[in-house]
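These notes concern the structure reproduced below.
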Amino acid sequence: MMKKYLMLASGLFVLAAAGPFAAGASQQAAPAPQQQNAQNANVPQGNAANGRKLFVSFGCYQCHGYEAQGGSAGPRLAPRPIPYAQLMKYVRHPTNEMPPFTEKVVKDSELTDIYAFLRAQPAAPDVDKIPLLK
Amino acid sequence: MAKNGSVDRRDFLKSAAVTGAALVGGAAGVGAQTAPPAPAAASPASAPVAPRETDPSLEADIVTTDRPGGDFMVDVLKSLNIEYVAANPGSSFRGIHESIINYGGNTAPEFITCCHEESSVAMAHAYSKVEGKPMAVLVHGTVGLQHASMAMYNAYCDRVPIVVMAGNTLDATMRRPGVEWAHSVQDAAAMVRDFTKWDDLPWSLPHFAESTVRAYKIAMTPPMMPVLLVLDGGLQEDPVSEEVKGRLRIPKLTLTSPPQGDAGAVAEAARLLVSAQNPVIIADRLSRTPAGMTHLLELAELLQAPVIDQGGRMNFPTQHALNLSNGGRALLGNADVILGLELTDFWGTVDSFRDSLVRSSRPLTKPGTKLISITATDLFMKSNYQDFQRYPEVDIAMAADAEATLPSLIEAVKRAMTADRKTALEARGKKLAEQHSNALDRSRSDAAVAWDASPVSTARLTAELYNVIRNEDWSLVSASGNTSNWEKRLWKFDKHYQWIGGSGGAGVGYGAPAAVGGALANKKHGRISVAIQGDGDFMYAPGVWWTAAHHKIPLLAVMHNNRAYHQEVMHVQRMGNRHNRGVTRAHIGTTLEDPFINYAQVVKGMGVYSEGPISNPNELGPALKRALDVVKKGEPALVDVVTQPR
């Protein structure tokens with residue numbers, strides 16, 4: 001039964017998450033804010049509101065969550081996303097479990113809007129101020 | 001003839017047939033005395049003609065029996081201390097059904113009314129993992145077994161013992177016309193023989209007793225698996241004849257000692273583990289009993305080695321300093337010795353596999369890493385269904401039960417340990433404890449991301465659930481919705497019954513009935529059973545929630561309602577992108593929307609307390625507290641939460 005295969009394959013999504021764009025929710029090597037600003041100095045301006053819509057319509061949320069918080073199927077992308085150039089390269093030519101999004105499917109300008117959405121995501125609340133996480 | 005004017009149907013029919021043959025023969029000019037001695041010796045033309053069984057003159061005054069075979073069957077089940085028999089009622093086992101509820105007093109075994117055979121088996125599956133012994137299931141030999149088959153496959157893959165009994169009517173001349181023919185089969189077990197460990201078709205009550213005790217013993221011998229007994233309707237319903245009564249006895253049950261690893265292999269494994277610089281212990285279906293976790297703790301602490309718990313059972317406390325289950329890949333890359341304990345997939349543990357247009361794989365370990373496997377699965381494997389995974393190229397393979405082998409491995413490690421090594425291992429342990437602590441901190445900070453999001457994040461969902469049960473004696477009996485493993489990352493699991501593993505075969509539909517079955521086992525221990533319920537899984541056979549309400553089985557479930565068969569959304573998305581056609585239509589055939597399903601209403605209609613759907617995370621905690629109050633009164637409750645996908 002295909003469903004059984006698919007469920008087994010779900011384990012592979014988890015196990016195989018190891019690249020720069022698929023490093024597991026807790027293991028993303030996001031650059032420090034200062035370094036991030038330098039790396040993103042020439043990033044085109046995008047529309048964050050449209051990026052949020054595209055993040056849903058292109059199904060990014062399926063693996064990364066509506067807020068790009070990440071999960072077992074895909075790593076956290078925000079807050080503090082990886083550099084713009086790295087994201088653009090990885091989306092077109094992923095090296096791990098993420099499916100490729102070609103220009104035919106997602107335009108560069110749309111990816112720019114998505115990146116603007118990721119950059120606009122607020123920082124997580126201070127964990128020490130969340131009683132349930134103490 | 002039986003006493004009290006009752007009669008054995010077979011004996012009665014046999015004598016009636018002889019009488020009838022004589023009558024018919026006489027009418028044909030052949031006297032009874034001159035009739036052929038046996039039908040087999042007669043030519044077709046001269047064979048005696050049996051009367052129609054429906055001839056009322058032959059059945060008029062013998063209509064009851066007070067000692068049917070089903071009563072003895074119940075005696076056998078009682079001797080095995082079977083607590084429950086789960087079943088959707090079926091006429092092919094009406095005899096033993098009636099014996100259970102009347103002769104047996106409906107206690108040990110108690111009849112659990114189910115609305116689907118898949119639910120019956122999955123309930124028994126989870127019950128067995130909590131209680132450590134089989135529960136029984138009754139099904140029709142045909143349509144019921146067909147319904148039960150996927151759940152039996154799950155239990156087979158999960159190495160779980162269940163005693164399944166299938167009703168059938170073997171004697172074709174005794175079948176009621178119509179449905180009973182459609183519900184009869186020559187070889188009922190054939191359909192599930194590929195994924196049951198043993199089956200039999202008892203031909204007499206003594207045969208039933210011997211085969212049932214044998215089936216129980218086989219099911220409980222590692223690797224444990226479901227077994228099947230086919231029960232003839234006549235055997236259940238007919239009176240016990242005087243001749244058979246004299247032969248009735250229930251054999252003694254002596255469970256097989258679980259097989260232990262070869263002493264030489266154990267010693268070599270210990271030598272490798274003690275001398276290793278970076279050993280890693282990985283456990284999957286290790287802990288059949290609480291002793292498994294106790295032994296693994298001792299071994300890990302002796303070696304100061306990290307443990308990766310793959311979650312097939314509750315193997316290792318989640319917040320123990322040596323638990324590094326979330327650091328798997330880095331640990332494997334540095335490992336020089338890996339000990340695998342009842343791993344479902346050793347190859348898939350030490351290799352990565354990429355599901356892309358060109359499928360590829362690569363080792364996760366460095367060259368020369370020694371792999372040690374202890375698994376009872378090497379002792380018993382079938383060929384048709386491929387749950388055995390890729391062939392693992394290990395260096396030491398012990399075909400043995402890992403839990404039973406650990407005590408001797410621990411002793412061998414103690415013998416191999418030197419003072420120098422002990423000092424080095426202590427230093428290693430400190431580093432690992434730091435890694436564990438860092439991982440826990442990271443989990444907490446990661447959980448804070450999207451904390452206030454709507455739909456509710458899976459981190460928030462699990463944290464809110466834990467908040468209401470953390471001071472109770474709780475047991476997470478099922479987690480069918482994928483919550484990104486947050487419960488293992490945030491909750492403190494340290495008791496064997498707090499986690500019982502998954503479905504085994506990944507057959508969807510296990511989650512809801514497993515939750516109810518696990519809760520049934522926990523009921524007498526007074527534990528608070530909780531479940532994280534996947535919405536797609538729930539929809540397979542939601543009637544099990546009526547079973548929970550009817551039998552007053554306390555269970556607190558939160559619906560992880562991401563409104564999709566989410567795994568399949570991602571797979572279709574993968575195909576769309578791979579074929580360069582985009583993902584905008586990936587929802588077709590994969591989502592549960594238009595209309596959304598109101599799960600609170602669904603279970604409310606079955607008499608279950610419910611709340612939701614809840615989309616505001618701040619409403620979740622109070623709703624869970626109210627639901628827990630209901631559960632503490634001995635009833636099930638469900639809180640429907642609209643969630644993020646994972």
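Ordering of the structure tokens sets the chain letters (A, B, ...); residue numbers start at 1 within each chain; ligands are numbered from 1 in the order shown.
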
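Near Ala151 in chain B, within 8 Å and counting only C-alpha atoms, sit Glu118, Ser119, Val121, Ala122, Ala148, Ser149, Tyr153, Asn154, Ala155, Gly507 and Tyr510 of chain B, not including residues fewer than 2 positions from it in the same chain.
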
Write the selection just made, keeping N, CA and C atoms, as an mmCIF file, in the first residue's frame?
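Just written: again.cif:
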data_model
loop_
_atom_site.group_PDB
_atom_site.id
_atom_site.type_symbol
_atom_site.label_atom_id
_atom_site.label_comp_id
_atom_site.auth_asym_id
_atom_site.auth_seq_id
_atom_site.Cartn_x
_atom_site.Cartn_y
_atom_site.Cartn_z
ATOM 1 N N GLU B 118 -10.547 -3.416 12.629
ATOM 2 C CA GLU B 118 -9.247 -2.739 12.678
ATOM 3 C C GLU B 118 -9.057 -2.091 14.048
ATOM 4 N N SER B 119 -10.151 -1.570 14.597
ATOM 5 C CA SER B 119 -10.076 -0.978 15.937
ATOM 6 C C SER B 119 -9.805 -2.054 16.981
ATOM 7 N N VAL B 121 -8.186 -4.870 16.746
ATOM 8 C CA VAL B 121 -6.792 -5.336 16.727
ATOM 9 C C VAL B 121 -5.846 -4.232 17.204
ATOM 10 N N ALA B 122 -6.066 -3.012 16.748
ATOM 11 C CA ALA B 122 -5.168 -1.927 17.168
ATOM 12 C C ALA B 122 -5.294 -1.657 18.668
ATOM 13 N N ALA B 148 -9.572 -6.641 9.710
ATOM 14 C CA ALA B 148 -8.538 -6.672 10.756
ATOM 15 C C ALA B 148 -7.124 -6.716 10.185
ATOM 16 N N SER B 149 -7.006 -7.067 8.919
ATOM 17 C CA SER B 149 -5.694 -7.452 8.388
ATOM 18 C C SER B 149 -4.654 -6.328 8.465
ATOM 19 N N TYR B 153 -1.127 -6.480 10.431
ATOM 20 C CA TYR B 153 0.178 -6.227 9.807
ATOM 21 C C TYR B 153 0.984 -5.229 10.642
ATOM 22 N N ASN B 154 0.319 -4.198 11.123
ATOM 23 C CA ASN B 154 1.004 -3.254 12.010
ATOM 24 C C ASN B 154 1.606 -3.973 13.210
ATOM 25 N N ALA B 155 0.806 -4.834 13.845
ATOM 26 C CA ALA B 155 1.288 -5.535 15.042
ATOM 27 C C ALA B 155 2.433 -6.480 14.707
ATOM 28 N N GLY B 507 0.729 1.712 9.076
ATOM 29 C CA GLY B 507 -0.622 1.663 8.519
ATOM 30 C C GLY B 507 -1.474 2.702 9.216
ATOM 31 N N TYR B 510 -4.065 3.517 12.981
ATOM 32 C CA TYR B 510 -3.644 2.885 14.236
ATOM 33 C C TYR B 510 -3.860 3.813 15.435
#

Inset, instruction - as JSON, numbers by chain, please: all residues of range 32-216 of chain B that backbone DSSP puts in strand (DSSP E or B). - result: {"B": [68, 84, 85, 86, 87, 110, 111, 112, 113, 136, 137, 138, 139, 140, 163, 164, 165, 166, 167, 168, 198, 199, 200]}

Applying 12 Å and only C-alpha atoms, which residues near Leu77 in chain B remain after dropping the ones on its own chain fewer than 5 positions away? List them as an mmCIF file with N, CA and C atoms, in the first residue's frame.
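Dumped everything to selection-v3.cif:
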data_model
loop_
_atom_site.group_PDB
_atom_site.id
_atom_site.type_symbol
_atom_site.label_atom_id
_atom_site.label_comp_id
_atom_site.auth_asym_id
_atom_site.auth_seq_id
_atom_site.Cartn_x
_atom_site.Cartn_y
_atom_site.Cartn_z
ATOM 1 N N GLY B 70 -18.205 -23.674 23.452
ATOM 2 C CA GLY B 70 -17.709 -22.319 23.719
ATOM 3 C C GLY B 70 -17.380 -22.105 25.187
ATOM 4 N N ASP B 71 -18.105 -22.806 26.081
ATOM 5 C CA ASP B 71 -17.816 -22.661 27.517
ATOM 6 C C ASP B 71 -16.395 -23.130 27.829
ATOM 7 N N PHE B 72 -16.041 -24.246 27.232
ATOM 8 C CA PHE B 72 -14.683 -24.744 27.467
ATOM 9 C C PHE B 72 -13.652 -23.785 26.873
ATOM 10 N N ILE B 82 -6.512 -13.967 30.072
ATOM 11 C CA ILE B 82 -6.859 -12.975 29.049
ATOM 12 C C ILE B 82 -7.895 -12.036 29.663
ATOM 13 N N GLU B 83 -7.561 -10.762 29.754
ATOM 14 C CA GLU B 83 -8.463 -9.810 30.427
ATOM 15 C C GLU B 83 -9.618 -9.346 29.546
ATOM 16 N N TYR B 84 -9.321 -9.161 28.264
ATOM 17 C CA TYR B 84 -10.332 -8.581 27.370
ATOM 18 C C TYR B 84 -10.345 -9.304 26.026
ATOM 19 N N VAL B 85 -11.532 -9.376 25.451
ATOM 20 C CA VAL B 85 -11.686 -9.807 24.065
ATOM 21 C C VAL B 85 -12.388 -8.672 23.328
ATOM 22 N N ILE B 96 -19.035 -18.592 21.040
ATOM 23 C CA ILE B 96 -18.081 -18.204 22.090
ATOM 24 C C ILE B 96 -18.446 -16.830 22.655
ATOM 25 N N SER B 99 -20.862 -17.554 25.277
ATOM 26 C CA SER B 99 -20.193 -18.205 26.413
ATOM 27 C C SER B 99 -19.409 -17.191 27.242
ATOM 28 N N ILE B 100 -18.785 -16.229 26.580
ATOM 29 C CA ILE B 100 -18.007 -15.219 27.306
ATOM 30 C C ILE B 100 -18.918 -14.403 28.222
ATOM 31 N N GLY B 104 -18.968 -17.192 31.202
ATOM 32 C CA GLY B 104 -17.763 -16.589 31.780
ATOM 33 C C GLY B 104 -18.042 -15.377 32.652
ATOM 34 N N ASN B 106 -18.654 -12.479 31.776
ATOM 35 C CA ASN B 106 -18.121 -11.280 31.111
ATOM 36 C C ASN B 106 -17.012 -10.597 31.922
ATOM 37 N N THR B 107 -16.239 -11.401 32.603
ATOM 38 C CA THR B 107 -15.036 -10.864 33.253
ATOM 39 C C THR B 107 -13.878 -11.806 32.955
ATOM 40 N N ALA B 108 -12.746 -11.196 32.623
ATOM 41 C CA ALA B 108 -11.513 -11.946 32.359
ATOM 42 C C ALA B 108 -11.742 -13.259 31.598
ATOM 43 N N PRO B 109 -12.180 -13.158 30.370
ATOM 44 C CA PRO B 109 -12.209 -11.966 29.534
ATOM 45 C C PRO B 109 -13.543 -11.233 29.569
ATOM 46 N N GLU B 110 -13.406 -9.896 29.454
ATOM 47 C CA GLU B 110 -14.574 -9.043 29.272
ATOM 48 C C GLU B 110 -14.703 -8.725 27.786
ATOM 49 N N PRO B 134 -0.688 -10.569 25.914
ATOM 50 C CA PRO B 134 -1.668 -10.404 24.832
ATOM 51 C C PRO B 134 -3.083 -10.173 25.330
ATOM 52 N N MET B 135 -3.841 -9.513 24.478
ATOM 53 C CA MET B 135 -5.282 -9.399 24.600
ATOM 54 C C MET B 135 -5.840 -10.216 23.424
ATOM 55 N N ALA B 136 -7.077 -10.631 23.517
ATOM 56 C CA ALA B 136 -7.664 -11.424 22.435
ATOM 57 C C ALA B 136 -8.605 -10.581 21.584
ATOM 58 N N VAL B 137 -8.796 -11.031 20.380
ATOM 59 C CA VAL B 137 -9.688 -10.365 19.427
ATOM 60 C C VAL B 137 -10.514 -11.442 18.734
ATOM 61 N N VAL B 163 -3.661 -12.437 20.343
ATOM 62 C CA VAL B 163 -4.338 -13.696 20.020
ATOM 63 C C VAL B 163 -5.621 -13.346 19.257
ATOM 64 N N VAL B 164 -5.598 -13.578 17.961
ATOM 65 C CA VAL B 164 -6.767 -13.307 17.120
ATOM 66 C C VAL B 164 -7.505 -14.622 16.897
ATOM 67 N N MET B 165 -8.817 -14.592 17.078
ATOM 68 C CA MET B 165 -9.642 -15.787 16.851
ATOM 69 C C MET B 165 -10.700 -15.443 15.798
ATOM 70 N N PHE B 208 -8.342 -27.434 20.503
ATOM 71 C CA PHE B 208 -8.424 -25.985 20.746
ATOM 72 C C PHE B 208 -7.570 -25.607 21.960
ATOM 73 N N ALA B 209 -7.711 -26.389 23.029
ATOM 74 C CA ALA B 209 -6.965 -26.070 24.256
ATOM 75 C C ALA B 209 -5.464 -26.090 23.992
ATOM 76 N N GLU B 210 -5.028 -27.147 23.335
ATOM 77 C CA GLU B 210 -3.587 -27.279 23.098
ATOM 78 C C GLU B 210 -3.088 -26.169 22.158
ATOM 79 N N SER B 211 -3.861 -25.906 21.117
ATOM 80 C CA SER B 211 -3.409 -24.898 20.147
ATOM 81 C C SER B 211 -3.482 -23.490 20.709
ATOM 82 N N THR B 212 -4.424 -23.224 21.577
ATOM 83 C CA THR B 212 -4.520 -21.877 22.146
ATOM 84 C C THR B 212 -3.355 -21.615 23.094
ATOM 85 N N VAL B 213 -3.026 -22.601 23.914
ATOM 86 C CA VAL B 213 -1.877 -22.438 24.806
ATOM 87 C C VAL B 213 -0.596 -22.331 23.973
ATOM 88 N N ALA B 215 -0.400 -21.231 20.888
ATOM 89 C CA ALA B 215 -0.432 -19.936 20.195
ATOM 90 C C ALA B 215 0.041 -18.819 21.123
ATOM 91 N N TYR B 216 -0.445 -18.846 22.353
ATOM 92 C CA TYR B 216 -0.055 -17.830 23.338
ATOM 93 C C TYR B 216 1.461 -17.870 23.552
ATOM 94 N N ILE B 250 -6.616 -28.555 30.015
ATOM 95 C CA ILE B 250 -5.904 -27.376 29.518
ATOM 96 C C ILE B 250 -4.422 -27.559 29.816
ATOM 97 N N PRO B 251 -3.588 -27.591 28.792
ATOM 98 C CA PRO B 251 -2.159 -27.813 29.024
ATOM 99 C C PRO B 251 -1.528 -26.688 29.839
ATOM 100 N N LEU B 253 0.981 -23.802 30.660
ATOM 101 C CA LEU B 253 1.718 -22.817 29.862
ATOM 102 C C LEU B 253 3.070 -22.550 30.514
#

Legend entry - A:Gln86, A:Gln121, A:Ser72, A:Thr95 ranked by distance to chain B, top pick (using only C-alpha atoms): A:Ser72

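Using only C-alpha atoms, the residues found no farther than 12 Å from Ala188 in chain B, other than those of its own chain fewer than 6 positions away, are Val139, His140, Gly141, Thr142, Val143, Gly144, Leu145, Gln146, Ser149, Val164, Met165, Ala166, Gly167, Asn168, Thr169, Leu170, Asp199, Asp200, Leu201, Leu228, Leu229, Val230, Leu231 and Asp232 of chain B.
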
Inset, instruction - Would you kindly report the residues of chain B within 8 Å of chain A, using only C-alpha atoms, as number ranges by chain? - result: B: 352-356, 442-451, 453, 463-464, 467, 483-485, 490, 505-508, 566-571, 573-574, 577-578, 580-584, 644-646

Legend entry - Distance query Asp171 in chain B at most 10 Å, only C-alpha atoms, self and fewer than 5 positions along chain excluded, as a ChimeraX atom specification: /B:184,186,232-234

Inset, instruction - For Phe316 in chain B, work out the shell of residues within 8 Å, counting only C-alpha atoms and skipping chain neighbours fewer than 4 positions away, then give it as an MDAnalysis selection string. - result: chainID B and resid 293 296:297 307 309 320 323 494

Inset, instruction - Please indicate the distance in Å from CA of Val630 in chain B to CA of Arg313 in chain B, rounded to one decimal place. - result: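 CA of Arg313 in chain B lies at a distance of 28.6 Å from CA of Val630 in chain B.
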
If you run DSSP on the backbone here, which positions in range 159-360 of chain B get alpha helix (DSSP H)? Please write them as a PDB file with C-alpha atoms, in the first residue's frame.
ATOM      1  CA  VAL B 179     -24.727 -14.927   4.305  1.00  0.00           C
ATOM      2  CA  GLU B 180     -23.142 -17.800   6.219  1.00  0.00           C
ATOM      3  CA  TRP B 181     -21.777 -19.134   2.936  1.00  0.00           C
ATOM      4  CA  ALA B 182     -20.377 -15.740   2.045  1.00  0.00           C
ATOM      5  CA  LEU B 205     -11.994 -28.949  21.937  1.00  0.00           C
ATOM      6  CA  PRO B 206      -8.864 -30.712  23.224  1.00  0.00           C
ATOM      7  CA  HIS B 207      -7.177 -29.533  20.045  1.00  0.00           C
ATOM      8  CA  PHE B 208      -8.424 -25.985  20.746  1.00  0.00           C
ATOM      9  CA  ALA B 209      -6.965 -26.070  24.256  1.00  0.00           C
ATOM     10  CA  GLU B 210      -3.587 -27.279  23.098  1.00  0.00           C
ATOM     11  CA  SER B 211      -3.409 -24.898  20.147  1.00  0.00           C
ATOM     12  CA  THR B 212      -4.520 -21.877  22.146  1.00  0.00           C
ATOM     13  CA  VAL B 213      -1.877 -22.438  24.806  1.00  0.00           C
ATOM     14  CA  ARG B 214       0.662 -23.081  22.062  1.00  0.00           C
ATOM     15  CA  ALA B 215      -0.432 -19.936  20.195  1.00  0.00           C
ATOM     16  CA  TYR B 216      -0.055 -17.830  23.338  1.00  0.00           C
ATOM     17  CA  LYS B 217       3.409 -19.236  23.932  1.00  0.00           C
ATOM     18  CA  ILE B 218       4.531 -18.640  20.346  1.00  0.00           C
ATOM     19  CA  ALA B 219       3.142 -15.108  20.337  1.00  0.00           C
ATOM     20  CA  GLY B 233     -18.949 -22.540  14.564  1.00  0.00           C
ATOM     21  CA  GLY B 234     -20.041 -26.084  15.424  1.00  0.00           C
ATOM     22  CA  LEU B 235     -17.173 -26.494  17.848  1.00  0.00           C
ATOM     23  CA  GLN B 236     -18.323 -23.356  19.675  1.00  0.00           C
ATOM     24  CA  GLU B 237     -22.034 -24.097  19.671  1.00  0.00           C
ATOM     25  CA  GLU B 242     -19.385 -37.480  26.973  1.00  0.00           C
ATOM     26  CA  GLU B 243     -16.510 -38.906  24.986  1.00  0.00           C
ATOM     27  CA  VAL B 244     -14.907 -35.480  24.497  1.00  0.00           C
ATOM     28  CA  LYS B 245     -15.622 -34.431  28.068  1.00  0.00           C
ATOM     29  CA  ALA B 263      28.750 -15.722  25.008  1.00  0.00           C
ATOM     30  CA  GLY B 264      31.661 -15.247  22.637  1.00  0.00           C
ATOM     31  CA  ALA B 265      29.869 -12.586  20.639  1.00  0.00           C
ATOM     32  CA  VAL B 266      28.863 -10.828  23.840  1.00  0.00           C
ATOM     33  CA  ALA B 267      32.462 -10.760  25.060  1.00  0.00           C
ATOM     34  CA  GLU B 268      33.726  -9.390  21.747  1.00  0.00           C
ATOM     35  CA  ALA B 269      31.027  -6.728  21.725  1.00  0.00           C
ATOM     36  CA  ALA B 270      32.012  -5.714  25.257  1.00  0.00           C
ATOM     37  CA  ARG B 271      35.679  -5.485  24.281  1.00  0.00           C
ATOM     38  CA  LEU B 272      34.857  -3.219  21.340  1.00  0.00           C
ATOM     39  CA  LEU B 273      32.574  -1.012  23.408  1.00  0.00           C
ATOM     40  CA  VAL B 274      35.013  -0.543  26.267  1.00  0.00           C
ATOM     41  CA  SER B 275      37.937   0.288  23.996  1.00  0.00           C
ATOM     42  CA  PRO B 290      10.581  -2.106  32.244  1.00  0.00           C
ATOM     43  CA  ALA B 291      13.767  -4.150  32.704  1.00  0.00           C
ATOM     44  CA  GLY B 292      14.923  -3.116  29.240  1.00  0.00           C
ATOM     45  CA  MET B 293      15.217   0.527  30.259  1.00  0.00           C
ATOM     46  CA  THR B 294      16.895  -0.391  33.547  1.00  0.00           C
ATOM     47  CA  HIS B 295      19.512  -2.482  31.745  1.00  0.00           C
ATOM     48  CA  LEU B 296      20.161   0.152  29.102  1.00  0.00           C
ATOM     49  CA  LEU B 297      20.655   2.796  31.781  1.00  0.00           C
ATOM     50  CA  GLU B 298      23.240   0.609  33.483  1.00  0.00           C
ATOM     51  CA  LEU B 299      25.084  -0.131  30.254  1.00  0.00           C
ATOM     52  CA  ALA B 300      25.115   3.500  29.088  1.00  0.00           C
ATOM     53  CA  GLU B 301      26.339   4.745  32.461  1.00  0.00           C
ATOM     54  CA  LEU B 302      29.024   2.058  32.639  1.00  0.00           C
ATOM     55  CA  LEU B 303      30.306   3.080  29.230  1.00  0.00           C
ATOM     56  CA  GLY B 328      21.992  11.581  15.849  1.00  0.00           C
ATOM     57  CA  ARG B 329      23.796  12.450  12.668  1.00  0.00           C
ATOM     58  CA  ALA B 330      26.808  14.133  14.232  1.00  0.00           C
ATOM     59  CA  LEU B 331      27.159  11.309  16.725  1.00  0.00           C
ATOM     60  CA  LEU B 332      27.086   8.695  13.983  1.00  0.00           C
ATOM     61  CA  GLY B 333      29.703  10.511  11.936  1.00  0.00           C
ATOM     62  CA  ASN B 334      32.156  10.430  14.837  1.00  0.00           C
ATOM     63  CA  PHE B 346      20.063  -0.722  10.908  1.00  0.00           C
ATOM     64  CA  TRP B 347      20.972   0.175   7.317  1.00  0.00           C
ATOM     65  CA  GLY B 348      18.703   3.204   7.326  1.00  0.00           C
ATOM     66  CA  THR B 349      20.175   4.235  10.655  1.00  0.00           C
ATOM     67  CA  VAL B 350      23.760   4.394   9.416  1.00  0.00           C
TER      68      VAL B 350
END

Inset, instruction - Kindly give the distance, in Å, that separates CA of Gly502 in chain B and CA of Asn315 in chain B, rounded to a single decimal. - result: 13.4 Å
